[in-house]
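J.: I am sharing query-v3.pdb, which consists of PDB, C-alpha atoms:
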ATOM      1  CA  MET Z   3     158.542 245.670 115.434
ATOM      2  CA  ALA Z   4     159.328 247.542 118.620
ATOM      3  CA  ASP Z   5     162.281 249.449 117.135
ATOM      4  CA  THR Z   6     160.424 251.254 114.352
ATOM      5  CA  PRO Z   7     160.915 255.040 114.300
ATOM      6  CA  GLY Z   8     157.282 255.492 115.301
ATOM      7  CA  ALA Z   9     157.738 253.255 118.349
ATOM      8  CA  ILE Z  10     160.918 255.034 119.380
ATOM      9  CA  VAL Z  11     159.280 258.467 119.091
ATOM     10  CA  GLU Z  12     156.247 257.269 121.042
ATOM     11  CA  ARG Z  13     158.371 255.819 123.832
ATOM     12  CA  ALA Z  14     160.416 259.020 124.015
ATOM     13  CA  ALA Z  15     157.239 261.099 124.263
ATOM     14  CA  ILE Z  16     155.868 258.935 127.077
ATOM     15  CA  LYS Z  17     159.212 259.012 128.888
ATOM     16  CA  ALA Z  18     159.406 262.810 128.629
ATOM     17  CA  ALA Z  19     155.852 263.191 129.910
ATOM     18  CA  LEU Z  20     156.517 260.867 132.859
ATOM     19  CA  LYS Z  21     159.750 262.688 133.738
ATOM     20  CA  ARG Z  22     157.990 266.042 133.620
ATOM     21  CA  GLU Z  23     155.207 264.748 135.858
ATOM     22  CA  PHE Z  24     157.684 263.210 138.303
ATOM     23  CA  ARG Z  25     159.617 266.492 138.677
ATOM     24  CA  LYS Z  26     156.361 268.380 139.111
ATOM     25  CA  GLN Z  27     155.015 266.078 141.833
ATOM     26  CA  ALA Z  28     158.344 265.574 143.597
ATOM     27  CA  THR Z  29     158.779 269.340 143.968
ATOM     28  CA  ASN Z  30     155.109 269.992 144.746
ATOM     29  CA  PRO Z  31     155.025 271.904 148.059
ATOM     30  CA  HIS Z  32     151.353 271.094 148.670
ATOM     31  CA  ARG Z  33     151.954 267.336 148.810
ATOM     32  CA  HIS Z  34     153.245 267.633 152.339
ATOM     33  CA  ALA Z  35     150.430 269.881 153.416
ATOM     34  CA  SER Z  36     147.790 267.407 152.266
ATOM     35  CA  GLY Z  37     149.291 264.700 154.479
ATOM     36  CA  GLU Z  38     150.781 262.587 151.667
ATOM     37  CA  GLY Z  39     154.384 263.864 151.648
ATOM     38  CA  GLY Z  40     157.451 261.640 151.574
ATOM     39  CA  ALA Z  41     158.663 259.693 148.567
ATOM     40  CA  LEU Z  42     156.370 259.823 145.588
ATOM     41  CA  PHE Z  43     154.417 256.573 145.242
ATOM     42  CA  ASP Z  44     155.776 254.542 142.349
ATOM     43  CA  PRO Z  45     153.348 251.856 141.114
ATOM     44  CA  ALA Z  46     156.114 249.968 139.285
ATOM     45  CA  LEU Z  47     158.158 249.738 142.487
ATOM     46  CA  GLN Z  48     155.115 248.679 144.500
ATOM     47  CA  ARG Z  49     154.332 245.956 141.962
ATOM     48  CA  PHE Z  50     157.907 244.719 142.129
ATOM     49  CA  MET Z  51     157.843 244.588 145.929
ATOM     50  CA  SER Z  52     154.507 242.789 145.991
ATOM     51  CA  MET Z  53     155.760 240.307 143.386
ATOM     52  CA  LYS Z  54     158.809 239.546 145.511
ATOM     53  CA  ALA Z  55     156.670 239.100 148.604
ATOM     54  CA  THR Z  56     154.172 236.756 146.934
ATOM     55  CA  GLN Z  57     156.487 234.762 144.663
ATOM     56  CA  TYR Z  58     155.632 231.501 146.434
ATOM     57  CA  ASP Z  59     152.012 231.833 145.318
ATOM     58  CA  TYR Z  60     153.103 231.113 141.753
ATOM     59  CA  PHE Z  61     155.468 228.247 142.525
ATOM     60  CA  LYS Z  62     154.566 224.979 140.838
ATOM     61  CA  PRO Z  63     156.449 221.677 141.361
ATOM     62  CA  THR Z  64     157.434 221.199 137.719
ATOM     63  CA  PRO Z  65     160.316 218.823 136.816
ATOM     64  CA  LYS Z  66     162.719 221.737 136.396
ATOM     65  CA  ALA Z  67     161.742 223.344 139.702
ATOM     66  CA  SER Z  68     161.903 220.018 141.548
ATOM     67  CA  PHE Z  69     165.315 219.234 140.051
ATOM     68  CA  MET Z  70     166.659 222.599 141.136
ATOM     69  CA  GLY Z  71     165.253 222.156 144.621
ATOM     70  CA  LEU Z  72     166.940 218.770 144.847
ATOM     71  CA  MET Z  73     170.363 219.761 143.495
ATOM     72  CA  PHE Z  74     170.676 223.102 145.291
ATOM     73  CA  ILE Z  75     168.940 222.401 148.604
ATOM     74  CA  ALA Z  76     168.333 218.734 149.436
ATOM     75  CA  VAL Z  77     171.531 217.152 148.056
ATOM     76  CA  PRO Z  78     173.992 219.680 149.560
ATOM     77  CA  ILE Z  79     172.443 219.630 153.027
ATOM     78  CA  ILE Z  80     171.818 215.888 153.310
ATOM     79  CA  GLY Z  81     175.016 214.934 151.472
ATOM     80  CA  TYR Z  82     177.178 217.131 153.660
ATOM     81  CA  GLY Z  83     175.485 215.769 156.752
ATOM     82  CA  LEU Z  84     176.125 212.167 155.681
ATOM     83  CA  LEU Z  85     179.783 212.839 154.827
ATOM     84  CA  LEU Z  86     180.301 214.546 158.168
ATOM     85  CA  LYS Z  87     178.627 211.650 160.009
ATOM     86  CA  ARG Z  88     180.833 209.094 158.232
ATOM     87  CA  ASP Z  89     184.057 210.970 158.970
ATOM     88  CA  LYS Z  90     183.192 211.505 162.622
ATOM     89  CA  GLU Z  91     182.207 207.873 163.140
ATOM     90  CA  GLN Z  92     185.429 206.616 161.523
ATOM     91  CA  GLN Z  93     187.529 208.898 163.699
ATOM     92  CA  GLU Z  94     185.582 207.865 166.807
ATOM     93  CA  MET Z  95     186.140 204.155 166.017
ATOM     94  CA  ARG Z  96     189.872 204.717 165.530
ATOM     95  CA  ILE Z  97     190.143 206.586 168.814
ATOM     96  CA  ARG Z  98     188.139 204.035 170.793
ATOM     97  CA  THR Z  99     190.135 201.065 169.441
ATOM     98  CA  GLY Z 100     193.412 202.720 170.366
ATOM     99  CA  GLN Z 101     194.796 203.419 166.894
ATOM    100  CA  VAL Z 102     195.469 207.137 167.582
ATOM    101  CA  SER Z 103     198.658 207.910 169.456
ATOM    102  CA  TYR Z 104     198.937 210.503 172.210
ATOM    103  CA  ALA Z 105     201.092 212.671 169.960
ATOM    104  CA  ASP Z 106     198.288 212.723 167.333
ATOM    105  CA  ARG Z 107     195.480 213.606 169.727
ATOM    106  CA  GLU Z 108     192.954 216.267 168.703
ATOM    107  CA  PHE Z 109     193.111 219.784 170.150
ATOM    108  CA  LYS Z 110     196.613 219.187 171.530
ATOM    109  CA  PHE Z 111     197.548 222.854 171.171
ATOM    110  CA  LEU Z 112     194.684 224.122 173.308
TER     111      LEU Z 112
ATOM    112  CA  MET A 214     147.692 268.351 132.182
ATOM    113  CA  GLN A 215     146.167 269.745 128.973
ATOM    114  CA  GLY A 216     149.572 270.773 127.648
ATOM    115  CA  LEU A 217     150.887 267.263 128.227
ATOM    116  CA  TYR A 218     148.187 265.629 126.117
ATOM    117  CA  THR A 219     148.487 267.963 123.123
ATOM    118  CA  GLN A 220     152.262 267.918 123.102
ATOM    119  CA  ALA A 221     152.429 264.133 123.117
ATOM    120  CA  HIS A 222     149.733 263.789 120.452
ATOM    121  CA  ASP A 223     151.486 266.224 118.098
ATOM    122  CA  SER A 224     154.719 264.298 118.219
ATOM    123  CA  THR A 225     153.137 260.871 117.643
ATOM    124  CA  ASN A 226     150.771 261.621 114.752
ATOM    125  CA  ARG A 227     147.728 261.348 116.984
ATOM    126  CA  ALA A 228     147.869 257.564 116.954
ATOM    127  CA  THR A 229     145.665 255.984 119.599
ATOM    128  CA  LEU A 230     147.859 253.170 120.834
ATOM    129  CA  THR A 231     147.203 251.292 124.043
ATOM    130  CA  GLY A 232     150.797 251.930 125.166
ATOM    131  CA  ILE A 233     150.201 255.682 125.297
ATOM    132  CA  ARG A 234     146.791 255.239 126.865
ATOM    133  CA  SER A 235     148.081 253.142 129.755
ATOM    134  CA  LYS A 236     150.908 255.582 130.497
ATOM    135  CA  PHE A 237     148.583 258.564 130.444
ATOM    136  CA  ASP A 238     146.089 256.712 132.558
ATOM    137  CA  GLN A 239     148.842 256.371 135.115
ATOM    138  CA  LEU A 240     149.564 260.098 134.828
ATOM    139  CA  VAL A 241     145.913 260.886 135.392
ATOM    140  CA  LYS A 242     145.964 258.657 138.459
ATOM    141  CA  MET A 243     149.009 260.482 139.784
ATOM    142  CA  ALA A 244     147.420 263.881 139.325
ATOM    143  CA  LYS A 245     144.345 262.731 141.195
ATOM    144  CA  LEU A 246     146.485 261.341 144.022
ATOM    145  CA  VAL A 247     147.436 264.883 144.896
ATOM    146  CA  ARG A 248     143.793 265.885 145.158
ATOM    147  CA  LEU A 249     142.787 262.892 147.321
ATOM    148  CA  VAL A 250     142.125 263.769 150.934
ATOM    149  CA  GLN A 251     141.636 260.680 153.072
ATOM    150  CA  THR A 252     139.131 259.136 150.650
ATOM    151  CA  SER A 253     139.099 256.141 148.307
ATOM    152  CA  ARG A 254     138.246 256.645 144.680
ATOM    153  CA  ARG A 255     138.095 254.302 141.672
ATOM    154  CA  VAL A 256     140.364 255.686 138.915
ATOM    155  CA  GLN A 257     139.266 255.558 135.290
ATOM    156  CA  GLY A 258     141.391 253.538 132.901
ATOM    157  CA  LEU A 259     142.995 251.305 135.561
ATOM    158  CA  SER A 260     140.375 248.712 136.282
ATOM    159  CA  SER A 261     140.122 247.155 139.737
ATOM    160  CA  VAL A 262     142.742 249.417 141.355
ATOM    161  CA  ILE A 263     141.434 251.380 144.305
ATOM    162  CA  ILE A 264     143.713 254.142 145.558
ATOM    163  CA  SER A 265     143.317 254.542 149.283
ATOM    164  CA  ARG A 266     145.987 256.559 150.979
ATOM    165  CA  SER A 267     144.667 256.200 154.483
ATOM    166  CA  ALA A 268     144.535 252.398 154.297
ATOM    167  CA  GLY A 269     147.884 251.920 152.576
ATOM    168  CA  HIS A 270     148.861 249.579 149.790
ATOM    169  CA  TRP A 271     148.276 245.852 150.237
ATOM    170  CA  ASN A 272     150.168 243.074 148.523
ATOM    171  CA  LYS A 273     146.917 241.470 147.463
ATOM    172  CA  ASP A 274     146.098 244.558 145.370
ATOM    173  CA  TRP A 275     149.523 244.909 143.770
ATOM    174  CA  LYS A 276     150.734 241.320 143.375
ATOM    175  CA  PRO A 277     150.916 239.995 139.804
ATOM    176  CA  ALA A 278     147.855 238.302 138.341
ATOM    177  CA  PRO A 279     148.024 234.653 137.178
ATOM    178  CA  TYR A 280     149.918 233.872 133.992
ATOM    179  CA  PRO A 281     148.035 235.369 131.022
ATOM    180  CA  VAL A 282     146.791 232.802 128.518
ATOM    181  CA  THR A 283     144.229 234.555 126.311
ATOM    182  CA  PRO A 284     145.174 237.586 124.169
ATOM    183  CA  GLU A 285     142.766 239.735 126.171
ATOM    184  CA  GLU A 286     144.602 238.863 129.370
ATOM    185  CA  ARG A 287     147.932 239.703 127.747
ATOM    186  CA  LEU A 288     146.582 243.062 126.581
ATOM    187  CA  ALA A 289     145.251 243.872 130.040
ATOM    188  CA  ALA A 290     148.548 242.858 131.628
ATOM    189  CA  ALA A 291     150.530 245.012 129.163
ATOM    190  CA  ARG A 292     148.309 247.974 130.013
ATOM    191  CA  LYS A 293     148.720 247.348 133.726
ATOM    192  CA  TYR A 294     152.507 247.385 133.583
ATOM    193  CA  GLY A 295     152.631 250.336 131.200
ATOM    194  CA  LEU A 296     154.250 248.380 128.355
ATOM    195  CA  ARG A 297     153.344 248.241 124.691
ATOM    196  CA  PRO A 298     151.465 245.051 123.774
ATOM    197  CA  ASP A 299     154.145 244.030 121.289
ATOM    198  CA  GLU A 300     156.987 244.387 123.795
ATOM    199  CA  TYR A 301     155.186 242.816 126.774
ATOM    200  CA  ARG A 302     156.402 239.284 127.475
ATOM    201  CA  PRO A 303     155.530 237.497 130.723
ATOM    202  CA  ILE A 304     158.124 235.480 132.598
ATOM    203  CA  PRO A 305     157.873 231.836 131.431
ATOM    204  CA  ASP A 306     155.569 229.784 133.621
ATOM    205  CA  ASP A 307     157.951 226.931 134.406
ATOM    206  CA  GLY A 308     157.233 226.648 138.116
ATOM    207  CA  LEU A 309     159.707 229.388 139.056
ATOM    208  CA  GLY A 310     157.676 232.173 137.445
ATOM    209  CA  ALA A 311     155.808 235.134 138.893
ATOM    210  CA  GLY A 312     152.395 235.141 137.233
ATOM    211  CA  ASP A 313     152.034 237.855 134.588
ATOM    212  CA  TYR A 314     155.040 239.920 135.717
ATOM    213  CA  PRO A 315     156.846 241.095 132.577
ATOM    214  CA  ASP A 316     160.224 239.810 131.455
ATOM    215  CA  VAL A 317     161.986 243.172 131.429
ATOM    216  CA  PRO A 318     165.369 243.184 129.593
ATOM    217  CA  LEU A 319     168.147 243.107 132.161
ATOM    218  CA  VAL A 320     170.363 246.207 132.209
ATOM    219  CA  SER A 321     172.336 246.509 135.436
ATOM    220  CA  ALA A 322     172.615 249.886 137.105
ATOM    221  CA  GLU A 323     176.350 250.092 136.465
ATOM    222  CA  SER A 324     175.831 249.592 132.727
ATOM    223  CA  ARG A 325     173.465 252.545 132.454
ATOM    224  CA  ASP A 326     174.535 256.022 131.396
ATOM    225  CA  PRO A 327     176.020 257.810 134.418
ATOM    226  CA  TYR A 328     175.460 261.255 132.900
ATOM    227  CA  TYR A 329     171.743 260.913 132.096
ATOM    228  CA  PRO A 330     169.446 262.796 134.537
ATOM    229  CA  TRP A 331     167.763 259.799 136.117
ATOM    230  CA  ASP A 332     164.814 260.413 138.420
ATOM    231  CA  HIS A 333     166.437 258.070 140.971
ATOM    232  CA  PRO A 334     170.207 258.409 140.395
ATOM    233  CA  GLU A 335     171.090 255.947 143.160
ATOM    234  CA  HIS A 336     169.405 253.184 141.161
ATOM    235  CA  ARG A 337     169.922 254.778 137.722
ATOM    236  CA  ARG A 338     166.235 254.324 137.131
ATOM    237  CA  ASP A 339     163.424 256.584 135.997
ATOM    238  CA  PHE A 340     160.062 256.992 137.642
ATOM    239  CA  MET A 341     157.561 254.262 136.682
ATOM    240  CA  GLU A 342     160.141 252.314 134.715
ATOM    241  CA  PRO A 343     159.301 248.595 134.752
ATOM    242  CA  ILE A 344     161.605 246.755 137.139
ATOM    243  CA  HIS A 345     163.408 243.489 136.390
ATOM    244  CA  GLU A 346     162.565 240.570 138.700
ATOM    245  CA  ASP A 347     166.162 240.400 140.012
ATOM    246  CA  PHE A 348     166.486 244.185 140.333
ATOM    247  CA  ASP A 349     167.960 244.042 143.834
ATOM    248  CA  ALA A 350     170.858 241.858 142.676
ATOM    249  CA  HIS A 351     171.947 244.298 139.949
ATOM    250  CA  GLY A 352     172.255 247.596 141.795
ATOM    251  CA  LEU A 353     175.227 249.949 141.630
ATOM    252  CA  ASP A 354     177.166 248.103 144.331
ATOM    253  CA  ARG A 355     176.270 244.623 143.095
ATOM    254  CA  GLU A 356     176.608 242.408 140.067
ATOM    255  CA  ASN A 357     176.913 244.042 136.662
ATOM    256  CA  ALA A 358     175.410 241.234 134.595
ATOM    257  CA  SER A 359     174.969 243.282 131.411
ATOM    258  CA  GLN A 360     178.563 244.479 130.997
ATOM    259  CA  LYS A 361     180.731 243.563 128.025
ATOM    260  CA  LEU A 362     183.724 241.769 129.512
ATOM    261  CA  ARG A 363     187.184 242.466 128.155
ATOM    262  CA  PHE A 364     187.962 238.758 128.488
ATOM    263  CA  SER A 365     185.020 236.394 128.307
ATOM    264  CA  ALA A 366     184.078 234.308 131.322
ATOM    265  CA  THR A 367     185.215 231.133 129.530
ATOM    266  CA  TYR A 368     188.593 232.699 128.780
ATOM    267  CA  GLN A 369     189.011 233.757 132.421
ATOM    268  CA  LEU A 370     188.161 230.271 133.680
ATOM    269  CA  LEU A 371     190.544 228.580 131.236
ATOM    270  CA  ALA A 372     193.328 231.008 132.098
ATOM    271  CA  PHE A 373     192.872 230.364 135.816
ATOM    272  CA  LEU A 374     192.781 226.579 135.339
ATOM    273  CA  GLY A 375     195.811 226.695 133.049
ATOM    274  CA  VAL A 376     197.945 228.642 135.495
ATOM    275  CA  MET A 377     196.861 226.515 138.473
ATOM    276  CA  THR A 378     197.440 223.292 136.500
ATOM    277  CA  ALA A 379     200.940 224.482 135.616
ATOM    278  CA  PHE A 380     201.767 225.247 139.259
ATOM    279  CA  VAL A 381     200.243 222.118 140.795
ATOM    280  CA  GLY A 382     201.380 219.859 137.961
ATOM    281  CA  SER A 383     204.995 220.953 138.178
ATOM    282  CA  PHE A 384     204.859 220.446 141.962
ATOM    283  CA  TYR A 385     203.684 216.851 141.643
ATOM    284  CA  LEU A 386     205.956 215.954 138.710
ATOM    285  CA  LEU A 387     209.151 217.293 140.296
ATOM    286  CA  GLU A 388     208.422 216.033 143.870
ATOM    287  CA  ASN A 389     210.861 213.090 143.382
ATOM    288  CA  TYR A 390     213.569 215.174 141.695
ATOM    289  CA  LYS A 391     214.439 217.645 144.433
ATOM    290  CA  LEU A 392     217.843 219.308 144.407
ATOM    291  CA  HIS A 393     220.056 219.006 147.529
ATOM    292  CA  TRP A 394     223.049 220.817 148.899
ATOM    293  CA  PRO A 395     226.252 218.838 148.123
ATOM    294  CA  LEU A 396     226.388 217.494 151.707
ATOM    295  CA  LEU A 397     226.255 214.022 153.231
ATOM    296  CA  PRO A 398     224.986 213.139 156.735
ATOM    297  CA  LYS A 399     227.500 213.670 159.526
ATOM    298  CA  GLN A 400     229.371 210.438 160.365
ATOM    299  CA  PHE A 401     229.378 209.760 164.113
ATOM    300  CA  PRO A 402     231.381 206.841 165.641
ATOM    301  CA  GLY A 403     229.744 203.996 167.572
ATOM    302  CA  ASP A 404     226.943 201.465 167.341
ATOM    303  CA  GLY A 405     229.046 199.098 165.191
ATOM    304  CA  LYS A 406     228.821 201.277 162.101
ATOM    305  CA  VAL A 407     231.687 201.099 159.607
ATOM    306  CA  HIS A 408     232.233 204.483 157.915
ATOM    307  CA  PHE A 409     235.777 203.903 156.505
ATOM    308  CA  THR A 410     237.514 200.583 155.731
ATOM    309  CA  PHE A 411     241.210 201.687 155.386
ATOM    310  CA  GLU A 412     241.764 199.766 152.101
ATOM    311  CA  LYS A 413     244.692 200.589 149.883
ATOM    312  CA  PRO A 414     243.748 202.562 146.740
ATOM    313  CA  GLU A 415     244.424 200.821 143.449
TER     314      GLU A 415
END
Using the file provided, produce a representation of the structure as structure tokens.

T.:
Amino acid sequence: MADTPGAIVERAAIKAALKREFRKQATNPHRHASGEGGALFDPALQRFMSMKATQYDYFKPTPKASFMGLMFIAVPIIGYGLLLKRDKEQQEMRIRTGQVSYADREFKFL
Amino acid sequence: MQGLYTQAHDSTNRATLTGIRSKFDQLVKMAKLVRLVQTSRRVQGLSSVIISRSAGHWNKDWKPAPYPVTPEERLAAARKYGLRPDEYRPIPDDGLGAGDYPDVPLVSAESRDPYYPWDHPEHRRDFMEPIHEDFDAHGLDRENASQKLRFSATYQLLAFLGVMTAFVGSFYLLENYKLHWPLLPKQFPGDGKVHFTFEKPE
């Protein structure tokens, strides 16, 4: 439907017109004089930037989004914290009850 | 501007399609931008967009609208983004969406023709081309997600796992079968050890 010869010709015509207009405005010496100057304003780029800045406005806690938030954010942070806590507490208990020899002490090369 | 209109109409059989209209509306807006001098003006053809150079561009004016449900909303959104109505497809609204922002086909910058005269060669992008939602992750120095790999990702993973399995597996299997030099430990006298018993050979 979008790859018919008529569609292709139409898209090429629009593309050529836009390219011609871009070259014309980008090399327009009066743009600086009027105070505008600088990079030519691109509405598509501005829409992309605004979309990126306001993406949270369209966030909804659907099952898929909640699952991703759990598996990629909550589980790694909390799980790693719990594992670390367990390892440190086990090591601390072994040190305090005298099961670690002087030759196996931590940071002995410092 | 007159030459632009007639040239485009001649090549497209004078069809009045909304895709052409939205693009030319944007061209009209651009031409008027040059003539603006510190004033705001409502532009025909682009409803509810006020161009105001002195006040700048606010996110609230340019952010995507809510997800389009009715066909009229879809048509308006296609016009806004400069896409044909039959090729406009919003990003699915599954909680991680972005309103009516279009689902542009992903073609990384590195996959695009390096010899075509792009308007922005550092992005390999033309002026007013609709931008993919993950555009910043697919630039020239970043991921090339649309390339055709010589070896598929599955093949690469299996090859890596196969080689690493061979190395690690042979290490573990042959750990108890190490080869030694044909030497025995040195025999020192003392401590009641008996190294040689002086028995007659048979």

J.: Give the answer as one residue: which of Z:Ala41, Z:Leu84, Z:Leu47, Z:Pro7 has the shortest atom-to-atom distance to chain A, using all atoms listed in the file?

T.: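 Checking each of Z:Ala41, Z:Leu84, Z:Leu47, Z:Pro7 against chain A, counting all atoms listed in the file, the winner is Z:Leu47.
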
J.: Residues near segment 304-317 of chain A, anyone? I mean within 8 Å using all atoms listed in the file, not counting same-chain ones fewer than 5 positions away, as a list of chain:residue names.

T.: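 Contacts, with the query itself left out: Z:Met53, Z:Gln57, Z:Tyr60, Z:Phe61, Z:Lys62, Z:Pro63, Z:Thr64, Z:Lys66, Z:Ala67, A:Pro277, A:Ala278, A:Pro279, A:Tyr280, A:Pro281, A:Ala290, A:Tyr294, A:Pro343, A:Ile344, A:His345, A:Glu346.
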
J.: What is the atom CA of Val102 of chain Z-atom CA of Lys87 of chain Z distance in Å, reported with one decimal?

T.: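 It comes out at 19.0 Å.
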
J.: Rank nothing, just name the residue among A:Arg337, A:Val282, A:Leu319, A:Asp332 nearest to chain Z, using all atoms listed in the file.

T.: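 When distances to chain Z are compared using all atoms listed in the file, the smallest one comes from A:Asp332.
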
J.: From the options A:Asn272, A:Gln400, A:Gln360, A:Asn389, which residue's atoms come nearest to chain Z, counting only C-alpha atoms?

T.: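 That would be A:Asn272, the residue with the smallest distance to chain Z.
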
J.: State, in Å with one decimal place, the distance from atom CA of Gly295 of chain A to atom CA of Asp347 of chain A.

T.: 19.0 Å

J.: Looking at all atoms listed in the file, which of A:Pro330, A:Gly382, A:Gly375, A:Pro318 is the one that sits closest to chain Z?

T.: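 Between A:Pro330, A:Gly382, A:Gly375, A:Pro318, the residue approaching chain Z most closely is A:Pro330.
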
J.: Using only C-alpha atoms, pick whichever of Z:Lys26, Z:Arg98, Z:Arg33, Z:Lys110 has the shortest atom-to-atom distance to chain A.

T.: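 Looking at the shortest contact to chain A, the residue is Z:Arg33.
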
J.: Build an axis-aligned box that encloses every atom of segment 38-54 of chain Z listed in the file, pad it by 5 Å on each side, and report its centre and edge lengths in Å to one decimal, as lines of an AutoDock Vina configuration file.

T.:
center_x = 154.8
center_y = 251.7
center_z = 145.5
size_x = 18.0
size_y = 34.3
size_z = 22.4

J.: Would you mind reading off the distance between atom CA of Ala4 of chain Z and atom CA of Asp299 of chain A, one decimal, in Å?

T.: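 According to the coordinates, atom CA of Ala4 of chain Z and atom CA of Asp299 of chain A are separated by 6.8 Å.
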
J.: For Asp349 of chain A, which residue out of A:Arg325, A:His393, A:Lys276, A:His336 is the nearest one, using all atoms listed in the file?

T.: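 The closest residue to Asp349 of chain A is A:His336.
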
J.: Compile the contact shell of Leu42 of chain Z as a list in words: residues with an atom at most 9 Å away, counting only C-alpha atoms, same-chain residues fewer than 6 positions apart removed.

T.: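 So, after excluding close chain neighbours, the residues are Phe24, Gln27 and Ala28 of chain Z.
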